[in-house]
Amino acid sequence: MVRVTKKKAQPKSGPLQSDILLSRLNALHPKAIDLSLGRIRNLLEKLNNPEKLLKSVVHIAGTNGKGSTLAFIKSICEKSGLKVNCYTSPHLIRFAERIYLSGQNIAETTLSLILKECEEANAGSAITLFEITTAAAFLAFSRSPADITLIETGLGGRFDATNVIEDPLLTIITPISKDHTDWLGNTITKIAFEKAGILKPGGRALIGPQMREANDVIKNQAKKLGVETIRYGKDWRVSNSMDGFTLSTKDFNSDFPRPSLLGEHQVINSATAVMASKLLTKSVITNNFIREGLISASWEGRLQNLQGLSTKGLPQGWSLWLDGGHNPGAAKALTKVISQWQDKPIHLIFGYMKSRDPKEFLRPMKNYIETLHAIDIPGEQSSLKASECRFAAQELGISATKSNSFLEAIKEITVKSKKPSRILICGSLYLVGNVLKYEKTEFDR
């Protein structure tokens with residue numbers, strides 16, 4: 001058993017000013033999601049259109065791999081000495097994680113001031129939280145210029161609040177699969193059409209591996225808009241090598257190391273980032289800096305081997321893992337990993353959101369897991385009930401029960417299982433965020 005010396009408890013702190021503001025802003029619209037560009041455009045105009053001041057924007061859409069691809073590009077650019085701003089979502093612990101300014105997350109005081117400025121400019125008009133915070137991010141970026149600005153879509157693309165960017169240096173579409181069907185459509189064709197909405201007339205787009213239906217939609221939309229596409233399988237290819245992977249185009253064949261993030265799917269994500277780095281045409285980005293960026297990139301909550309407070313009671317030979325993948329495409333990627341973990345039993349701690357079918361996520365991995373402990377996602381009104389997750393797992397033939405928390409589930413698993421095992425907490429980024437929040441704030445309780 002690992003012994004952890006407990007630090008002296010610190011007094012509880014009150015809510016951050018930014019959290020108070022975010023709660024107030026969240027009440028400006030009755031819906032969490034209402035896809036439209038009109039409201040954010042009106043607000044940005046009142047803020048003197050800060051989005052038009054952003055230079056060298058890379059706009060990323062897709063279903064799977066957006067965040068990891070962005071993390072690799074950021075690492076490569078920073079290793080090359082470039083200043084990088086990033087906008088991502090959702091956050092895991094603090095909202096400030098979404099807005100990254102040249103080497104660090106936005107300071108809480110700066111975030112509060114900018115949110116307040118956006119609130120005053122909006123003057124009580126109906127606007128979703130994602131829309132007004134996207135405007136806040138663009139305002140922050142305009143006041144802290146960077147060499148490269150990386151922007152990840154929140155949901156879809158065509159009517160995503162980030163799609164007010166008119167002239168990106170590069171757009172990227174990572175692999176598309178079914179997700180958010182209530183808003184984007186229930187077929188790959190419809191979803192691909194929404195994702196392809198980030199393509200801009202006369203622009204340049206890097207396209208990751210796609211299903212045929214998605215590829216056809218993207219190809220047609222690009223042709224209509226006069227977009228130059230650099231497509232996987234046609235213009236660039238990836239093959240595994242002994243120590244990593246080989247990226248091939250008509251102009252070069254280059255070897256790169258296995259990326260820092262785990263899982264075979266990260267090879268494609270890292271290769272996409274390498275291609276994007278080449279297309280940025282920044283002379284300072286060399287292959288050596290690319291290699292350094294790939295092996296040093298970090299992205300919390302993606303196949304993360306947790307070693308902290310949550311693991312202090314684990315018996316010797318056990319390990320605890322986190323993964324925030326939450327749709328069928330992510331489940332298939334995760335299954336490829338756990339299919340190679342068969343030297344030890346695998347126990348899942350699982351939480352899921354109401355908007356998705358848990359059986360679609362669990363079906364690929366059902367033959368590789370020994371038990372599943374279903375839990376509610378703490379603090380999430382849109383969490384699927386643990387009893388519903390358990391029932392879905394049982395319908396697939398998985399031995400499943402429910403627990404009151406991830407900590408209780410860990411304890412129950414270690415008591416019942418007699419063999420050293422791997423425990424994997426998965427199904428939702430919000431669930432992963434709760435685990436990481438516990439890791440970082442336990443001493444403040």
# chains A, B, ... in the order shown; residues from 1 in each chain; ligands from 1

$ residues_around --residues "region 389-393 of chain A" --least-positions-apart "3" --cutoff "9 Å" --atoms "only C-alpha atoms" --output "PDB file with N, CA, C and O atoms, in the first residue's frame"
ATOM      1  N   PHE A 350     -17.830   3.833 -14.528  1.00  0.00           N
ATOM      2  CA  PHE A 350     -18.452   4.415 -15.719  1.00  0.00           C
ATOM      3  C   PHE A 350     -19.546   5.415 -15.364  1.00  0.00           C
ATOM      4  O   PHE A 350     -20.409   5.148 -14.527  1.00  0.00           O
ATOM      5  N   GLY A 351     -19.471   6.590 -15.985  1.00  0.00           N
ATOM      6  CA  GLY A 351     -20.535   7.588 -15.914  1.00  0.00           C
ATOM      7  C   GLY A 351     -20.779   8.128 -17.306  1.00  0.00           C
ATOM      8  O   GLY A 351     -19.845   8.219 -18.114  1.00  0.00           O
ATOM      9  N   TYR A 352     -22.018   8.498 -17.605  1.00  0.00           N
ATOM     10  CA  TYR A 352     -22.344   8.899 -18.982  1.00  0.00           C
ATOM     11  C   TYR A 352     -23.381  10.018 -18.961  1.00  0.00           C
ATOM     12  O   TYR A 352     -24.069  10.239 -17.952  1.00  0.00           O
ATOM     13  N   ASP A 357     -26.237   7.227 -25.985  1.00  0.00           N
ATOM     14  CA  ASP A 357     -26.625   5.859 -25.668  1.00  0.00           C
ATOM     15  C   ASP A 357     -25.427   5.127 -25.070  1.00  0.00           C
ATOM     16  O   ASP A 357     -24.432   4.897 -25.767  1.00  0.00           O
ATOM     17  N   PRO A 358     -25.481   4.746 -23.803  1.00  0.00           N
ATOM     18  CA  PRO A 358     -24.319   4.094 -23.179  1.00  0.00           C
ATOM     19  C   PRO A 358     -23.959   2.771 -23.831  1.00  0.00           C
ATOM     20  O   PRO A 358     -22.790   2.363 -23.816  1.00  0.00           O
ATOM     21  N   LYS A 359     -24.941   2.089 -24.404  1.00  0.00           N
ATOM     22  CA  LYS A 359     -24.642   0.796 -25.031  1.00  0.00           C
ATOM     23  C   LYS A 359     -23.746   0.969 -26.261  1.00  0.00           C
ATOM     24  O   LYS A 359     -22.916   0.103 -26.545  1.00  0.00           O
ATOM     25  N   LEU A 362     -20.265   1.197 -24.741  1.00  0.00           N
ATOM     26  CA  LEU A 362     -19.769  -0.002 -24.056  1.00  0.00           C
ATOM     27  C   LEU A 362     -19.658  -1.220 -24.956  1.00  0.00           C
ATOM     28  O   LEU A 362     -18.861  -2.130 -24.674  1.00  0.00           O
ATOM     29  N   ARG A 363     -20.436  -1.271 -26.018  1.00  0.00           N
ATOM     30  CA  ARG A 363     -20.491  -2.485 -26.844  1.00  0.00           C
ATOM     31  C   ARG A 363     -19.121  -2.938 -27.349  1.00  0.00           C
ATOM     32  O   ARG A 363     -18.791  -4.136 -27.275  1.00  0.00           O
ATOM     33  N   LYS A 366     -17.033  -4.717 -24.406  1.00  0.00           N
ATOM     34  CA  LYS A 366     -17.703  -5.618 -23.468  1.00  0.00           C
ATOM     35  C   LYS A 366     -16.936  -6.923 -23.236  1.00  0.00           C
ATOM     36  O   LYS A 366     -17.027  -7.513 -22.157  1.00  0.00           O
ATOM     37  N   LEU A 372     -18.151  -3.714 -14.223  1.00  0.00           N
ATOM     38  CA  LEU A 372     -18.424  -2.288 -14.421  1.00  0.00           C
ATOM     39  C   LEU A 372     -19.150  -1.763 -13.188  1.00  0.00           C
ATOM     40  O   LEU A 372     -20.110  -2.378 -12.704  1.00  0.00           O
ATOM     41  N   HIS A 373     -18.677  -0.645 -12.661  1.00  0.00           N
ATOM     42  CA  HIS A 373     -19.347   0.038 -11.559  1.00  0.00           C
ATOM     43  C   HIS A 373     -19.873   1.365 -12.097  1.00  0.00           C
ATOM     44  O   HIS A 373     -19.094   2.251 -12.476  1.00  0.00           O
ATOM     45  N   ALA A 374     -21.193   1.486 -12.174  1.00  0.00           N
ATOM     46  CA  ALA A 374     -21.821   2.690 -12.705  1.00  0.00           C
ATOM     47  C   ALA A 374     -22.015   3.719 -11.598  1.00  0.00           C
ATOM     48  O   ALA A 374     -22.388   3.374 -10.476  1.00  0.00           O
ATOM     49  N   ILE A 375     -21.760   4.984 -11.910  1.00  0.00           N
ATOM     50  CA  ILE A 375     -21.967   6.061 -10.944  1.00  0.00           C
ATOM     51  C   ILE A 375     -22.617   7.254 -11.633  1.00  0.00           C
ATOM     52  O   ILE A 375     -22.536   7.411 -12.849  1.00  0.00           O
ATOM     53  N   ASP A 376     -23.298   8.088 -10.846  1.00  0.00           N
ATOM     54  CA  ASP A 376     -23.753   9.388 -11.342  1.00  0.00           C
ATOM     55  C   ASP A 376     -22.542  10.302 -11.477  1.00  0.00           C
ATOM     56  O   ASP A 376     -21.610  10.229 -10.668  1.00  0.00           O
ATOM     57  N   LEU A 384     -26.576  10.700 -16.873  1.00  0.00           N
ATOM     58  CA  LEU A 384     -27.440   9.528 -16.877  1.00  0.00           C
ATOM     59  C   LEU A 384     -27.376   8.904 -15.486  1.00  0.00           C
ATOM     60  O   LEU A 384     -26.320   8.868 -14.859  1.00  0.00           O
ATOM     61  N   LYS A 385     -28.508   8.419 -15.001  1.00  0.00           N
ATOM     62  CA  LYS A 385     -28.530   7.791 -13.688  1.00  0.00           C
ATOM     63  C   LYS A 385     -27.661   6.530 -13.681  1.00  0.00           C
ATOM     64  O   LYS A 385     -27.608   5.794 -14.667  1.00  0.00           O
ATOM     65  N   ALA A 386     -27.000   6.296 -12.557  1.00  0.00           N
ATOM     66  CA  ALA A 386     -26.148   5.111 -12.432  1.00  0.00           C
ATOM     67  C   ALA A 386     -26.944   3.840 -12.695  1.00  0.00           C
ATOM     68  O   ALA A 386     -26.434   2.899 -13.306  1.00  0.00           O
ATOM     69  N   LEU A 396     -25.851  -5.805 -22.203  1.00  0.00           N
ATOM     70  CA  LEU A 396     -24.762  -6.240 -23.083  1.00  0.00           C
ATOM     71  C   LEU A 396     -24.033  -7.456 -22.526  1.00  0.00           C
ATOM     72  O   LEU A 396     -23.083  -7.945 -23.134  1.00  0.00           O
ATOM     73  N   GLY A 397     -24.456  -7.951 -21.376  1.00  0.00           N
ATOM     74  CA  GLY A 397     -23.824  -9.119 -20.784  1.00  0.00           C
ATOM     75  C   GLY A 397     -22.640  -8.796 -19.899  1.00  0.00           C
ATOM     76  O   GLY A 397     -21.854  -9.690 -19.554  1.00  0.00           O
ATOM     77  N   ILE A 398     -22.506  -7.525 -19.506  1.00  0.00           N
ATOM     78  CA  ILE A 398     -21.400  -7.113 -18.636  1.00  0.00           C
ATOM     79  C   ILE A 398     -21.840  -7.235 -17.183  1.00  0.00           C
ATOM     80  O   ILE A 398     -22.946  -6.831 -16.813  1.00  0.00           O
ATOM     81  N   SER A 399     -20.984  -7.787 -16.344  1.00  0.00           N
ATOM     82  CA  SER A 399     -21.265  -7.860 -14.917  1.00  0.00           C
ATOM     83  C   SER A 399     -21.183  -6.455 -14.334  1.00  0.00           C
ATOM     84  O   SER A 399     -20.106  -5.857 -14.268  1.00  0.00           O
ATOM     85  N   ALA A 400     -22.336  -5.907 -13.926  1.00  0.00           N
ATOM     86  CA  ALA A 400     -22.380  -4.499 -13.554  1.00  0.00           C
ATOM     87  C   ALA A 400     -23.121  -4.285 -12.249  1.00  0.00           C
ATOM     88  O   ALA A 400     -24.074  -4.990 -11.916  1.00  0.00           O
ATOM     89  N   THR A 401     -22.669  -3.280 -11.513  1.00  0.00           N
ATOM     90  CA  THR A 401     -23.336  -2.842 -10.303  1.00  0.00           C
ATOM     91  C   THR A 401     -23.261  -1.331 -10.275  1.00  0.00           C
ATOM     92  O   THR A 401     -22.705  -0.708 -11.174  1.00  0.00           O
ATOM     93  N   LYS A 402     -23.827  -0.695  -9.274  1.00  0.00           N
ATOM     94  CA  LYS A 402     -23.703   0.758  -9.163  1.00  0.00           C
ATOM     95  C   LYS A 402     -23.082   1.119  -7.826  1.00  0.00           C
ATOM     96  O   LYS A 402     -23.215   0.398  -6.831  1.00  0.00           O
TER      97      LYS A 402
END

$ closest_atom_pairs --of "region 65-132 of chain A" --to "region 35-40 of chain A" --cutoff "9 Å" --atoms "only C-alpha atoms" --output "tab-separated table"
residue	atom	partner	partner_atom	distance
A:Ser125	CA	A:Arg39	CA	8.5
A:Ala126	CA	A:Arg39	CA	7.6
A:Ile127	CA	A:Arg39	CA	6.1
A:Thr128	CA	A:Arg39	CA	8.5
A:Glu131	CA	A:Ile40	CA	5.7
A:Ile132	CA	A:Ile40	CA	6.7

$ select_by_dssp --residues "region 238-425 of chain A" --states "strand (DSSP E)" --output "PyMOL selection string"
chain A and resi 238-240+244-248+253-257+304-306+319-323+346-350+371-374+400-402+422-425

$ residues_around --residues "Thr162 (chain A)" --least-positions-apart "5" --cutoff "9 Å" --atoms "only C-alpha atoms" --output "ChimeraX atom specification"
/A:37,59,131,134-135,151-154,157,198

$ write_last_selection --atoms "all heavy atoms" --output "CSV table (one decimal), in the first residue's frame"
chain,number,residue,atom,x,y,z
A,37,LEU,N,-25.2,32.0,-35.0
A,37,LEU,CA,-24.1,32.9,-35.1
A,37,LEU,C,-24.5,34.4,-34.8
A,37,LEU,O,-23.6,35.3,-34.6
A,37,LEU,CB,-23.3,32.8,-36.4
A,37,LEU,CG,-22.6,31.5,-36.7
A,37,LEU,CD1,-21.9,31.5,-38.0
A,37,LEU,CD2,-21.6,31.1,-35.6
A,59,HIS,N,-8.2,26.6,-37.1
A,59,HIS,CA,-9.6,26.3,-36.6
A,59,HIS,C,-9.8,24.8,-36.8
A,59,HIS,O,-9.7,24.3,-37.9
A,59,HIS,CB,-10.6,27.1,-37.4
A,59,HIS,CG,-12.0,27.2,-36.8
A,59,HIS,ND1,-13.1,27.6,-37.5
A,59,HIS,CD2,-12.4,26.9,-35.5
A,59,HIS,CE1,-14.1,27.6,-36.6
A,59,HIS,NE2,-13.7,27.1,-35.5
A,131,GLU,N,-21.4,31.1,-26.1
A,131,GLU,CA,-21.2,32.2,-27.1
A,131,GLU,C,-20.5,33.4,-26.4
A,131,GLU,O,-19.5,34.0,-26.9
A,131,GLU,CB,-22.6,32.7,-27.6
A,131,GLU,CG,-23.2,31.7,-28.6
A,131,GLU,CD,-24.7,31.9,-28.8
A,131,GLU,OE1,-25.3,32.7,-28.1
A,131,GLU,OE2,-25.2,31.3,-29.7
A,134,THR,N,-16.9,32.6,-25.6
A,134,THR,CA,-16.1,32.6,-26.8
A,134,THR,C,-15.7,34.0,-27.2
A,134,THR,O,-14.5,34.3,-27.5
A,134,THR,CB,-16.9,31.9,-28.0
A,134,THR,OG1,-17.1,30.5,-27.7
A,134,THR,CG2,-16.1,32.0,-29.3
A,135,ALA,N,-16.6,34.9,-27.1
A,135,ALA,CA,-16.3,36.3,-27.3
A,135,ALA,C,-15.3,36.8,-26.3
A,135,ALA,O,-14.3,37.6,-26.7
A,135,ALA,CB,-17.6,37.2,-27.2
A,151,ILE,N,-7.9,27.3,-32.3
A,151,ILE,CA,-9.3,27.4,-31.8
A,151,ILE,C,-10.0,26.1,-32.1
A,151,ILE,O,-10.1,25.7,-33.3
A,151,ILE,CB,-10.0,28.6,-32.5
A,151,ILE,CG1,-9.3,29.9,-32.1
A,151,ILE,CG2,-11.5,28.6,-32.1
A,151,ILE,CD1,-9.9,31.1,-32.8
A,152,GLU,N,-10.5,25.5,-31.1
A,152,GLU,CA,-11.3,24.2,-31.2
A,152,GLU,C,-12.8,24.5,-31.2
A,152,GLU,O,-13.2,25.3,-30.3
A,152,GLU,CB,-10.9,23.3,-30.0
A,152,GLU,CG,-11.7,22.0,-30.0
A,152,GLU,CD,-11.6,21.2,-28.7
A,152,GLU,OE1,-10.9,21.8,-27.8
A,152,GLU,OE2,-12.1,20.1,-28.6
A,153,THR,N,-13.5,24.0,-32.1
A,153,THR,CA,-15.0,24.2,-32.1
A,153,THR,C,-15.6,23.5,-30.8
A,153,THR,O,-15.0,22.6,-30.3
A,153,THR,CB,-15.7,23.6,-33.3
A,153,THR,OG1,-15.3,22.2,-33.4
A,153,THR,CG2,-15.2,24.2,-34.6
A,154,GLY,N,-16.7,24.1,-30.4
A,154,GLY,CA,-17.4,23.5,-29.2
A,154,GLY,C,-18.3,22.3,-29.6
A,154,GLY,O,-18.2,21.2,-29.1
A,157,GLY,N,-19.8,22.9,-36.2
A,157,GLY,CA,-18.9,23.8,-36.9
A,157,GLY,C,-19.7,24.9,-37.6
A,157,GLY,O,-19.4,26.1,-37.4
A,198,ILE,N,-16.9,24.9,-41.2
A,198,ILE,CA,-15.8,25.7,-40.9
A,198,ILE,C,-14.9,26.1,-42.1
A,198,ILE,O,-14.0,26.9,-42.0
A,198,ILE,CB,-14.9,25.2,-39.7
A,198,ILE,CG1,-14.1,24.0,-40.2
A,198,ILE,CG2,-15.7,24.8,-38.5
A,198,ILE,CD1,-13.0,23.6,-39.3

$ closest_residue --among "A:Gly185, A:Gly301, A:Gly427, A:Pro175" --to "Leu206 (chain A)" --atoms "only C-alpha atoms"
A:Pro175

$ closest_residue --among "A:Ile76, A:Ile176, A:Ile369, A:Ile413" --to "Pro259 (chain A)" --atoms "only C-alpha atoms"
A:Ile76

$ closest_residue --among "A:Ile99, A:Glu166, A:Gly62, A:Ala107" --to "Ile218 (chain A)" --atoms "only C-alpha atoms"
A:Gly62

$ closest_atom_pairs --of "region 318-402 of chain A" --to "region 64-71 of chain A" --cutoff "10 Å" --atoms "only C-alpha atoms" --output "tab-separated table"
residue	atom	partner	partner_atom	distance
A:Gly325	CA	A:Asn64	CA	8.3
A:His326	CA	A:Asn64	CA	9.4
A:Asn327	CA	A:Asn64	CA	8.4
A:Pro328	CA	A:Asn64	CA	9.6
A:Gly329	CA	A:Asn64	CA	6.7
A:Ala330	CA	A:Asn64	CA	6.5
A:Ala333	CA	A:Asn64	CA	9.5

$ write_last_selection --atoms "N, CA, C and O atoms" --output "CSV table (one decimal), in the first residue's frame"
chain,number,residue,atom,x,y,z
A,325,GLY,N,-12.9,10.1,-23.2
A,325,GLY,CA,-13.6,9.8,-24.5
A,325,GLY,C,-15.1,9.5,-24.1
A,325,GLY,O,-15.3,8.8,-23.2
A,326,HIS,N,-16.0,10.0,-25.0
A,326,HIS,CA,-17.4,9.9,-24.6
A,326,HIS,C,-18.3,9.6,-25.7
A,326,HIS,O,-19.6,9.8,-25.6
A,327,ASN,N,-17.8,9.1,-26.9
A,327,ASN,CA,-18.7,8.8,-28.0
A,327,ASN,C,-18.2,7.5,-28.6
A,327,ASN,O,-17.2,7.0,-28.2
A,328,PRO,N,-19.0,6.9,-29.5
A,328,PRO,CA,-18.6,5.6,-30.1
A,328,PRO,C,-17.3,5.6,-30.7
A,328,PRO,O,-16.5,4.6,-30.6
A,329,GLY,N,-16.9,6.7,-31.4
A,329,GLY,CA,-15.6,6.7,-32.0
A,329,GLY,C,-14.5,6.6,-31.0
A,329,GLY,O,-13.5,5.9,-31.2
A,330,ALA,N,-14.6,7.4,-29.9
A,330,ALA,CA,-13.7,7.3,-28.8
A,330,ALA,C,-13.6,5.9,-28.1
A,330,ALA,O,-12.6,5.4,-27.7
A,333,ALA,N,-11.5,3.6,-30.1
A,333,ALA,CA,-10.1,3.9,-29.9
A,333,ALA,C,-9.6,3.3,-28.6
A,333,ALA,O,-8.6,2.7,-28.4

$ atom_distance --atom1 "CA of Phe406 (chain A)" --atom2 "CA of Glu388 (chain A)"
16.5 Å

$ closest_residue --among "A:Leu25, A:Ala331, A:Ile349, A:Leu306" --to "Cys118 (chain A)" --atoms "only C-alpha atoms"
A:Leu25

$ residues_around --residues "Lys344 (chain A)" --least-positions-apart "4" --cutoff "8 Å" --atoms "only C-alpha atoms" --output "PyMOL selection string"
chain A and resi 419-422

$ residues_around --residues "Ala222 (chain A)" --least-positions-apart "6" --cutoff "12 Å" --atoms "only C-alpha atoms" --output "ChimeraX atom specification"
/A:171,173,193,195-207,215-216,228-231

$ closest_residue --among "A:Thr181, A:Ser383, A:Ser260, A:Ser102" --to "Ser296 (chain A)" --atoms "only C-alpha atoms"
A:Ser260

$ atom_distance --atom1 "CA of Val58 (chain A)" --atom2 "CA of Pro168 (chain A)"
5.9 Å

$ closest_residue --among "A:Asp251, A:Asp343, A:Asp147, A:Glu412" --to "Lys282 (chain A)" --atoms "only C-alpha atoms"
A:Asp147

$ residues_around --residues "region 14-24 of chain A" --least-positions-apart "4" --cutoff "12 Å" --atoms "only C-alpha atoms" --output "number ranges by chain"
A: 28-29, 93-96, 106-120, 124, 127-133, 136, 444-445

$ residues_around --residues "region 77-87 of chain A" --least-positions-apart "4" --cutoff "8 Å" --atoms "only C-alpha atoms" --output "list in words"
Ile73, Arg98, Ile99, Tyr100, Leu101, Ser102, Gly103, Ala137, Phe141, Pro145, Ala146, Asp147, Ile148, Thr149, Leu150, Ile151, Glu152, Ser277, Val284, Ile285, Thr286, Phe289, Ile290, Glu292 and Gly293 of chain A

$ write_last_selection --atoms "C-alpha atoms" --output "PDB file, in the first residue's frame"
ATOM      1  CA  ILE A  73       0.338  21.507 -32.486  1.00  0.00           C
ATOM      2  CA  ARG A  98     -10.260  27.026 -21.799  1.00  0.00           C
ATOM      3  CA  ILE A  99      -8.294  30.206 -22.538  1.00  0.00           C
ATOM      4  CA  TYR A 100      -4.548  29.715 -22.875  1.00  0.00           C
ATOM      5  CA  LEU A 101      -2.379  32.793 -23.377  1.00  0.00           C
ATOM      6  CA  SER A 102       1.220  32.370 -24.492  1.00  0.00           C
ATOM      7  CA  GLY A 103       2.365  29.721 -22.048  1.00  0.00           C
ATOM      8  CA  ALA A 137     -11.651  34.410 -25.358  1.00  0.00           C
ATOM      9  CA  PHE A 141      -6.479  36.959 -27.545  1.00  0.00           C
ATOM     10  CA  PRO A 145      -1.237  38.674 -29.486  1.00  0.00           C
ATOM     11  CA  ALA A 146       0.405  35.379 -30.393  1.00  0.00           C
ATOM     12  CA  ASP A 147       2.199  33.957 -33.419  1.00  0.00           C
ATOM     13  CA  ILE A 148      -0.386  31.163 -33.704  1.00  0.00           C
ATOM     14  CA  THR A 149      -3.963  30.999 -32.393  1.00  0.00           C
ATOM     15  CA  LEU A 150      -5.456  27.516 -32.060  1.00  0.00           C
ATOM     16  CA  ILE A 151      -9.250  27.380 -31.805  1.00  0.00           C
ATOM     17  CA  GLU A 152     -11.278  24.223 -31.198  1.00  0.00           C
ATOM     18  CA  SER A 277       2.828  22.310 -38.554  1.00  0.00           C
ATOM     19  CA  VAL A 284      11.348  28.081 -37.350  1.00  0.00           C
ATOM     20  CA  ILE A 285       9.352  24.822 -37.195  1.00  0.00           C
ATOM     21  CA  THR A 286      11.939  22.159 -37.982  1.00  0.00           C
ATOM     22  CA  PHE A 289      11.311  20.794 -32.910  1.00  0.00           C
ATOM     23  CA  ILE A 290       8.412  18.690 -34.203  1.00  0.00           C
ATOM     24  CA  GLU A 292      10.486  17.431 -29.325  1.00  0.00           C
ATOM     25  CA  GLY A 293       6.895  18.655 -29.402  1.00  0.00           C
TER      26      GLY A 293
END

$ select_by_dssp --residues "region 267-445 of chain A" --states "alpha helix (DSSP H)" --output "number ranges by chain"
A: 267-279, 287-296, 328-338, 358-362, 386-395, 406-416, 429-441
